[in-house]
Amino acid sequence: MPPSISAFQAAYISIEVLIALVSVPGNVLVIWAVKVNQALRDATFCFIVSLAVADVAVGALVIPLAILINVGPQTYFHTCLMVACPVLILTQSSILALLAIAVDRYLRVKIPLRYKTVVTPRRAAVAIAGCWILSFVVGLTPMFGWNNLSEVQRAWAANGSVGEPEIKCEFEKVISMEYMVYFNFFVWVLPPLLLMVLIYLEVFYLIRKQLSKKVSASSGDPQKYYGKELKIAKSLALILFLFALSWLPLHILNCITLFCPSCRKPSILVYIAIFLTHGNSAMNPIVYAFRIQKFRVTFLKIWNDHFRCQPAPPVDEDLPEERPDD
């Protein structure tokens, strides 16, 4: 008999499906745009593509698996653990990609003249590979033993059962809260968040120093330059806000679960916290792509060429150089 689904679960599943329907096409469009437009082939857009790949996987794989775990089918312990780990791998990859983009943006402000010699495509590829390797290490750690198997086995044996335990597959039944709080949150989520705060504070400081000097970076209109700098600052503040808004609630709830086991967590809060983390993947195409003119022009070309059947004007690959922050 299939497990019953509560009204809260039904609403949660509907929202998750909606997030996936926004996240997957939006991030596929980002990847597609980089593929068709040679002007989007520098190191910065490599980081954006890596983020988009992770976010596509969140929508196409993580969300369906999260829904499966939420429903709670009856499975073997290690089967449930295998279902839970991809969620950890891909969400961690998204976090590290966000951090890589933050570092990239800092370097653009800190060393604008030397940026292209420091952030080469080869180094960007190494950074991307490192992010994915770390994500697999962090996400697969429960498979190497840091899980709730011993507790489940004790309960299984106390009932007189033998063999591998069969459980109702739920995330907290297989994933240790010690792992989620002490290792995942305190090591791999909170430090990147704090590091991004420091990076963005430094960027704001550099921008403020430039504005106080009232020196234009080019021979163009100084007001235009100042406007672009202000836009960069607003984008950085938005990125930091969305990251914190998306990730902190769920990890705070995990801390409550670990440090206050008797505390009751309303189901609606848990569901909201979960889809906020997944929703960050749907936000990223808007934050990282739709604010860039080259992306907007390419999106329009893709729409006209492949969906409206009306050829668009050729994409001008000689558009004035524009930072991803603009």
# chains A, B, ... in the order shown; residues from 1 in each chain; ligands from 1
>>> residues_around(residues="range 187-198 of chain A", least_positions_apart="4", cutoff="10 Å", atoms="only C-alpha atoms", output="PyMOL selection string")
chain A and resi 92+95-96+98-103+106+134-135+138+180-183+202-204+236-237+239-241+243-244+247-248+251
>>> select_by_dssp(residues="range 65-285 of chain A", states="alpha helix (DSSP H)", output="PyMOL selection string")
chain A and resi 65-71+77-110+115-118+121-140+149-158+171-174+177-178+186-188+190-213+222-259+267-284
>>> select_by_dssp(residues="range 13-194 of chain A", states="strand (DSSP E or B)", output="PDB file with N, CA, C and O atoms, in the first residue's frame")
ATOM      1  N   GLN A  74       9.084   2.351   1.721  1.00  0.00           N
ATOM      2  CA  GLN A  74       9.741   1.321   2.523  1.00  0.00           C
ATOM      3  C   GLN A  74      10.898   0.741   1.718  1.00  0.00           C
ATOM      4  O   GLN A  74      10.708   0.160   0.644  1.00  0.00           O
ATOM      5  N   THR A  75      12.138   0.904   2.198  1.00  0.00           N
ATOM      6  CA  THR A  75      13.317   0.438   1.472  1.00  0.00           C
ATOM      7  C   THR A  75      14.350  -0.102   2.454  1.00  0.00           C
ATOM      8  O   THR A  75      14.226   0.044   3.674  1.00  0.00           O
ATOM      9  N   TYR A  76      15.405  -0.740   1.883  1.00  0.00           N
ATOM     10  CA  TYR A  76      16.560  -1.090   2.696  1.00  0.00           C
ATOM     11  C   TYR A  76      17.311   0.184   3.083  1.00  0.00           C
ATOM     12  O   TYR A  76      17.262   1.189   2.393  1.00  0.00           O
ATOM     13  N   ASN A 147      26.650   7.777   9.311  1.00  0.00           N
ATOM     14  CA  ASN A 147      25.213   7.711   9.094  1.00  0.00           C
ATOM     15  C   ASN A 147      24.546   7.109  10.326  1.00  0.00           C
ATOM     16  O   ASN A 147      25.187   6.913  11.363  1.00  0.00           O
ATOM     17  N   GLU A 166      15.085  -2.831   7.052  1.00  0.00           N
ATOM     18  CA  GLU A 166      14.152  -2.148   6.158  1.00  0.00           C
ATOM     19  C   GLU A 166      13.504  -1.005   6.925  1.00  0.00           C
ATOM     20  O   GLU A 166      13.058  -1.185   8.056  1.00  0.00           O
ATOM     21  N   ILE A 167      13.476   0.158   6.301  1.00  0.00           N
ATOM     22  CA  ILE A 167      12.967   1.347   6.979  1.00  0.00           C
ATOM     23  C   ILE A 167      12.034   2.120   6.057  1.00  0.00           C
ATOM     24  O   ILE A 167      12.041   1.930   4.842  1.00  0.00           O
ATOM     25  N   LYS A 168      11.267   3.021   6.664  1.00  0.00           N
ATOM     26  CA  LYS A 168      10.549   4.014   5.880  1.00  0.00           C
ATOM     27  C   LYS A 168      11.566   5.075   5.499  1.00  0.00           C
ATOM     28  O   LYS A 168      12.154   5.736   6.364  1.00  0.00           O
ATOM     29  N   ILE A 175      20.503   9.906   7.436  1.00  0.00           N
ATOM     30  CA  ILE A 175      21.577  10.902   7.507  1.00  0.00           C
ATOM     31  C   ILE A 175      21.709  11.390   8.949  1.00  0.00           C
ATOM     32  O   ILE A 175      20.744  11.862   9.545  1.00  0.00           O
TER      33      ILE A 175
END
>>> closest_residue(among="A:Phe77, A:Ala157, A:Val49, A:Ala43", to="Ala124 in chain A", atoms="only C-alpha atoms")
A:Ala43
>>> atom_distance(atom1="CA of Ala60 in chain A", atom2="CA of Lys294 in chain A")
26.5 Å
>>> atom_distance(atom1="CA of Val270 in chain A", atom2="CA of Leu250 in chain A")
7.1 Å
>>> residues_around(residues="Thr91 in chain A", least_positions_apart="2", cutoff="9 Å", atoms="only C-alpha atoms", output="PyMOL selection string")
chain A and resi 54-55+58+62+86-89+93-96+135+139+277-278
>>> write_last_selection(atoms="N, CA, C and O atoms", output="CSV table (one decimal), in the first residue's frame")
chain,number,residue,atom,x,y,z
A,54,ALA,N,25.0,22.4,-12.2
A,54,ALA,CA,24.6,21.9,-10.9
A,54,ALA,C,23.1,22.2,-10.6
A,54,ALA,O,22.4,21.4,-10.1
A,55,ASP,N,22.6,23.4,-11.1
A,55,ASP,CA,21.2,23.7,-10.9
A,55,ASP,C,20.3,22.9,-11.7
A,55,ASP,O,19.2,22.7,-11.3
A,58,VAL,N,19.9,19.8,-9.9
A,58,VAL,CA,19.1,20.0,-8.7
A,58,VAL,C,17.6,19.9,-9.1
A,58,VAL,O,16.8,19.2,-8.5
A,62,VAL,N,17.8,16.1,-8.0
A,62,VAL,CA,17.6,16.3,-6.5
A,62,VAL,C,16.2,16.5,-6.1
A,62,VAL,O,15.7,15.9,-5.1
A,86,PRO,N,22.8,12.0,-3.3
A,86,PRO,CA,22.9,12.9,-4.5
A,86,PRO,C,22.4,14.3,-4.1
A,86,PRO,O,22.8,15.3,-4.6
A,87,VAL,N,21.4,14.4,-3.2
A,87,VAL,CA,20.9,15.7,-2.7
A,87,VAL,C,22.1,16.5,-2.1
A,87,VAL,O,22.3,17.7,-2.4
A,88,LEU,N,22.9,15.8,-1.3
A,88,LEU,CA,24.0,16.5,-0.6
A,88,LEU,C,25.1,16.9,-1.6
A,88,LEU,O,25.7,17.9,-1.5
A,89,ILE,N,25.4,16.0,-2.6
A,89,ILE,CA,26.4,16.2,-3.6
A,89,ILE,C,26.1,17.5,-4.4
A,89,ILE,O,26.9,18.4,-4.5
A,93,SER,N,27.6,21.3,-4.5
A,93,SER,CA,28.2,21.8,-5.7
A,93,SER,C,27.7,23.2,-6.1
A,93,SER,O,28.5,24.0,-6.5
A,94,SER,N,26.4,23.4,-5.8
A,94,SER,CA,25.8,24.7,-6.1
A,94,SER,C,26.4,25.7,-5.2
A,94,SER,O,26.7,26.9,-5.6
A,95,ILE,N,26.6,25.4,-3.9
A,95,ILE,CA,27.2,26.3,-2.9
A,95,ILE,C,28.6,26.7,-3.3
A,95,ILE,O,29.0,27.9,-3.3
A,96,LEU,N,29.4,25.7,-3.7
A,96,LEU,CA,30.8,26.0,-4.1
A,96,LEU,C,30.9,26.8,-5.4
A,96,LEU,O,31.8,27.6,-5.5
A,135,SER,N,32.6,18.4,-3.7
A,135,SER,CA,31.2,18.1,-3.5
A,135,SER,C,30.9,16.6,-3.4
A,135,SER,O,30.1,16.2,-2.6
A,139,GLY,N,29.4,15.0,-0.1
A,139,GLY,CA,28.1,14.4,-0.2
A,139,GLY,C,28.1,12.9,0.0
A,139,GLY,O,27.1,12.3,0.4
A,277,THR,N,15.9,26.1,-0.4
A,277,THR,CA,17.2,25.7,-0.8
A,277,THR,C,17.2,25.3,-2.3
A,277,THR,O,18.1,25.6,-3.0
A,278,HIS,N,16.1,24.6,-2.7
A,278,HIS,CA,16.0,24.2,-4.1
A,278,HIS,C,15.7,25.4,-4.9
A,278,HIS,O,16.1,25.5,-6.1
>>> residues_around(residues="Pro121 in chain A", least_positions_apart="6", cutoff="10 Å", atoms="only C-alpha atoms", output="PDB file with all heavy atoms, in the first residue's frame")
ATOM      1  N   ARG A  41      32.587  32.993 -23.991  1.00  0.00           N
ATOM      2  CA  ARG A  41      33.510  31.880 -23.798  1.00  0.00           C
ATOM      3  C   ARG A  41      34.725  32.241 -22.952  1.00  0.00           C
ATOM      4  O   ARG A  41      35.809  31.748 -23.203  1.00  0.00           O
ATOM      5  CB  ARG A  41      33.980  31.361 -25.167  1.00  0.00           C
ATOM      6  CG  ARG A  41      32.873  30.852 -26.080  1.00  0.00           C
ATOM      7  CD  ARG A  41      32.278  29.545 -25.582  1.00  0.00           C
ATOM      8  NE  ARG A  41      31.220  29.082 -26.481  1.00  0.00           N
ATOM      9  CZ  ARG A  41      31.427  28.384 -27.588  1.00  0.00           C
ATOM     10  NH1 ARG A  41      32.661  28.091 -27.957  1.00  0.00           N
ATOM     11  NH2 ARG A  41      30.412  28.008 -28.340  1.00  0.00           N
ATOM     12  N   ASP A  42      34.588  33.136 -21.982  1.00  0.00           N
ATOM     13  CA  ASP A  42      35.740  33.419 -21.137  1.00  0.00           C
ATOM     14  C   ASP A  42      35.598  32.693 -19.798  1.00  0.00           C
ATOM     15  O   ASP A  42      34.634  31.963 -19.559  1.00  0.00           O
ATOM     16  CB  ASP A  42      35.942  34.924 -20.938  1.00  0.00           C
ATOM     17  CG  ASP A  42      34.783  35.590 -20.211  1.00  0.00           C
ATOM     18  OD1 ASP A  42      34.005  34.870 -19.561  1.00  0.00           O
ATOM     19  OD2 ASP A  42      34.657  36.818 -20.287  1.00  0.00           O
ATOM     20  N   ALA A  43      36.599  32.892 -18.914  1.00  0.00           N
ATOM     21  CA  ALA A  43      36.650  32.119 -17.668  1.00  0.00           C
ATOM     22  C   ALA A  43      35.435  32.370 -16.787  1.00  0.00           C
ATOM     23  O   ALA A  43      34.920  31.448 -16.142  1.00  0.00           O
ATOM     24  CB  ALA A  43      37.932  32.462 -16.909  1.00  0.00           C
ATOM     25  N   THR A  44      34.957  33.601 -16.765  1.00  0.00           N
ATOM     26  CA  THR A  44      33.817  33.937 -15.915  1.00  0.00           C
ATOM     27  C   THR A  44      32.610  33.066 -16.246  1.00  0.00           C
ATOM     28  O   THR A  44      31.943  32.529 -15.356  1.00  0.00           O
ATOM     29  CB  THR A  44      33.432  35.413 -16.097  1.00  0.00           C
ATOM     30  OG1 THR A  44      34.537  36.216 -15.706  1.00  0.00           O
ATOM     31  CG2 THR A  44      32.227  35.762 -15.250  1.00  0.00           C
ATOM     32  N   PHE A  45      32.343  32.909 -17.528  1.00  0.00           N
ATOM     33  CA  PHE A  45      31.163  32.157 -17.925  1.00  0.00           C
ATOM     34  C   PHE A  45      31.348  30.652 -17.729  1.00  0.00           C
ATOM     35  O   PHE A  45      30.374  29.905 -17.698  1.00  0.00           O
ATOM     36  CB  PHE A  45      30.801  32.506 -19.370  1.00  0.00           C
ATOM     37  CG  PHE A  45      30.458  33.956 -19.537  1.00  0.00           C
ATOM     38  CD1 PHE A  45      31.329  34.830 -20.165  1.00  0.00           C
ATOM     39  CD2 PHE A  45      29.280  34.458 -19.030  1.00  0.00           C
ATOM     40  CE1 PHE A  45      31.030  36.175 -20.300  1.00  0.00           C
ATOM     41  CE2 PHE A  45      28.962  35.806 -19.153  1.00  0.00           C
ATOM     42  CZ  PHE A  45      29.848  36.666 -19.788  1.00  0.00           C
ATOM     43  N   CYS A  46      32.601  30.200 -17.579  1.00  0.00           N
ATOM     44  CA  CYS A  46      32.834  28.808 -17.204  1.00  0.00           C
ATOM     45  C   CYS A  46      32.249  28.541 -15.821  1.00  0.00           C
ATOM     46  O   CYS A  46      31.616  27.501 -15.589  1.00  0.00           O
ATOM     47  CB  CYS A  46      34.325  28.492 -17.209  1.00  0.00           C
ATOM     48  SG  CYS A  46      35.084  28.496 -18.837  1.00  0.00           S
ATOM     49  N   ALA A 127      39.603  24.996 -11.031  1.00  0.00           N
ATOM     50  CA  ALA A 127      38.751  25.401  -9.913  1.00  0.00           C
ATOM     51  C   ALA A 127      37.401  24.692  -9.968  1.00  0.00           C
ATOM     52  O   ALA A 127      36.881  24.229  -8.939  1.00  0.00           O
ATOM     53  CB  ALA A 127      38.555  26.913  -9.924  1.00  0.00           C
TER      54      ALA A 127
END
